[in-house]
Amino acid sequence: MPMQPASTEITSRTAAIIQELKGLEGPLLPILHGIQEEFGHVPHDALPVIAEALNISRAEVHGVVTFYHDYRSHPAGRHVLKLCQAESCQSMGSDAVAAKLKQLLGIGFHETTRDGSVTLEPVYCLGLCACSPAAMLDGQVIGRLDDEKLDEIVAEVRS
């Protein structure tokens with residue numbers, strides 16, 4: 001796992017991102033995206049800095065961060081594997097795919113392997129319903145998941 005930046009570094013880097021984006025209409029989401037891009041997650045220490053700069057409560061910032069599934073409170077692994085859990089994928093066996101992936105990787109949803117190689121996340125529709133069950137690995141969609149493809153994915157994220 002990468003080391004967490006010191007709180008003062010988080011504060012100063014967060015302030016720079018806010019300064020760059022706070023003039024936008026509805027700046028909270030772009031600011032959160034910028035912070036996550038910078039740190040790989042939205043550090044807890046950034047929340048009060050954002051709240052003060054935008055003149056909103058910490059609770060409001062926290063509510064937005066926890067409402068949207070793409071914001072992380074901890075850094076992700078080197079690879080992010082998102083497994084579709086929507087109805088189409090479920091009807092085509094995504095529950096069995098999820099069970100096998102969890103067993104192969106030794107983690108559950110919203111967890112990262114001990115070696116930091118991969119984070120496994122559920123997602124609720126990748127728009128690949130005709131090719132269910134589906135996943136996304138580092139932004140690349142993969143359809144018609146089967147045991148062979150799962151083995152290939154695990155080998156890739158472990159290398």
# chains A, B, ... in the order shown; residues from 1 in each chain; ligands from 1
call {"tool": "select_by_dssp", "arguments": {"residues": "chain A", "states": "strand (DSSP E or B)", "output": "number ranges by chain"}}
result
A: 79-84, 111-112, 118-123, 135-137, 140-142
call {"tool": "write_last_selection", "arguments": {"atoms": "N, CA and C atoms", "output": "compact mmCIF listing (two decimals), in the first residue's frame"}}
result
# COMPACT_ATOMS: atom_id res chain seq x y z
N HIS A 79 -4.85 -2.18 -9.74
CA HIS A 79 -5.91 -2.45 -10.71
C HIS A 79 -7.25 -2.34 -9.99
N VAL A 80 -8.26 -1.89 -10.73
CA VAL A 80 -9.62 -1.85 -10.19
C VAL A 80 -10.49 -2.72 -11.08
N LEU A 81 -11.07 -3.74 -10.48
CA LEU A 81 -11.94 -4.67 -11.19
C LEU A 81 -13.37 -4.44 -10.71
N LYS A 82 -14.22 -3.99 -11.64
CA LYS A 82 -15.62 -3.73 -11.32
C LYS A 82 -16.45 -4.84 -11.96
N LEU A 83 -17.23 -5.51 -11.15
CA LEU A 83 -18.05 -6.63 -11.61
C LEU A 83 -19.51 -6.21 -11.60
N CYS A 84 -20.16 -6.33 -12.76
CA CYS A 84 -21.55 -5.93 -12.88
C CYS A 84 -22.44 -6.86 -12.07
N GLU A 111 -12.97 -4.36 -1.25
CA GLU A 111 -11.72 -4.69 -0.58
C GLU A 111 -10.58 -4.71 -1.59
N THR A 112 -9.37 -4.59 -1.06
CA THR A 112 -8.15 -4.64 -1.86
C THR A 112 -7.28 -5.77 -1.34
N VAL A 118 -5.10 -5.44 -6.54
CA VAL A 118 -6.42 -5.24 -7.13
C VAL A 118 -7.47 -4.91 -6.07
N THR A 119 -8.39 -4.04 -6.46
CA THR A 119 -9.56 -3.72 -5.67
C THR A 119 -10.76 -4.26 -6.43
N LEU A 120 -11.66 -4.94 -5.72
CA LEU A 120 -12.85 -5.53 -6.33
C LEU A 120 -14.07 -4.71 -5.92
N GLU A 121 -14.81 -4.24 -6.92
CA GLU A 121 -15.97 -3.40 -6.64
C GLU A 121 -17.18 -3.89 -7.43
N PRO A 122 -18.37 -3.83 -6.81
CA PRO A 122 -19.59 -4.11 -7.57
C PRO A 122 -19.97 -2.85 -8.35
N VAL A 123 -20.60 -3.05 -9.48
CA VAL A 123 -21.13 -1.92 -10.26
C VAL A 123 -22.50 -2.35 -10.76
N ALA A 135 -17.67 -7.28 -16.80
CA ALA A 135 -16.81 -6.63 -15.82
C ALA A 135 -16.07 -5.50 -16.51
N MET A 136 -15.40 -4.69 -15.71
CA MET A 136 -14.54 -3.64 -16.23
C MET A 136 -13.23 -3.71 -15.45
N LEU A 137 -12.14 -3.85 -16.16
CA LEU A 137 -10.82 -3.88 -15.54
C LEU A 137 -10.05 -2.65 -16.00
N GLN A 140 -11.48 -0.92 -19.02
CA GLN A 140 -11.74 -1.73 -20.21
C GLN A 140 -12.83 -2.74 -19.89
N VAL A 141 -13.91 -2.73 -20.69
CA VAL A 141 -15.00 -3.67 -20.44
C VAL A 141 -14.66 -5.05 -20.98
N ILE A 142 -15.16 -6.05 -20.28
CA ILE A 142 -14.95 -7.45 -20.64
C ILE A 142 -16.31 -8.13 -20.56
call {"tool": "select_by_dssp", "arguments": {"residues": "range 40-121 of chain A", "states": "alpha helix (DSSP H)", "output": "number ranges by chain"}}
result
A: 47-54, 58-67, 87-91, 94-105
call {"tool": "atom_distance", "arguments": {"atom1": "CA of Gly108 in chain A", "atom2": "CA of Leu145 in chain A"}}
result
18.1 Å
call {"tool": "residues_around", "arguments": {"residues": "Pro75 in chain A", "least_positions_apart": "4", "cutoff": "12 Å", "atoms": "only C-alpha atoms", "output": "PyMOL selection string"}}
result
chain A and resi 1-5+35-44+70-71+79-80+110-113+116-119
call {"tool": "residues_around", "arguments": {"residues": "range 89-95 of chain A", "least_positions_apart": "6", "cutoff": "7 Å", "atoms": "only C-alpha atoms", "output": "VMD selection string"}}
result
chain A and resid 129 132 to 134
call {"tool": "write_last_selection", "arguments": {"atoms": "N, CA and C atoms", "output": "compact mmCIF listing (two decimals), in the first residue's frame"}}
result
# COMPACT_ATOMS: atom_id res chain seq x y z
N CYS A 129 -25.16 -5.33 -21.44
CA CYS A 129 -26.15 -6.36 -21.09
C CYS A 129 -26.21 -7.51 -22.09
N SER A 132 -23.60 -10.26 -21.11
CA SER A 132 -23.56 -10.61 -19.69
C SER A 132 -23.01 -12.02 -19.47
N PRO A 133 -22.39 -12.26 -18.33
CA PRO A 133 -22.00 -11.32 -17.30
C PRO A 133 -20.77 -10.51 -17.72
N ALA A 134 -20.67 -9.30 -17.19
CA ALA A 134 -19.64 -8.37 -17.64
C ALA A 134 -18.86 -7.79 -16.47
call {"tool": "atom_distance", "arguments": {"atom1": "CA of Thr8 in chain A", "atom2": "CA of Asn55 in chain A"}}
result
20.6 Å
call {"tool": "closest_residue", "arguments": {"among": "A:His33, A:Arg78, A:Arg144, A:Arg114", "to": "Val65 in chain A", "atoms": "only C-alpha atoms"}}
result
A:His33
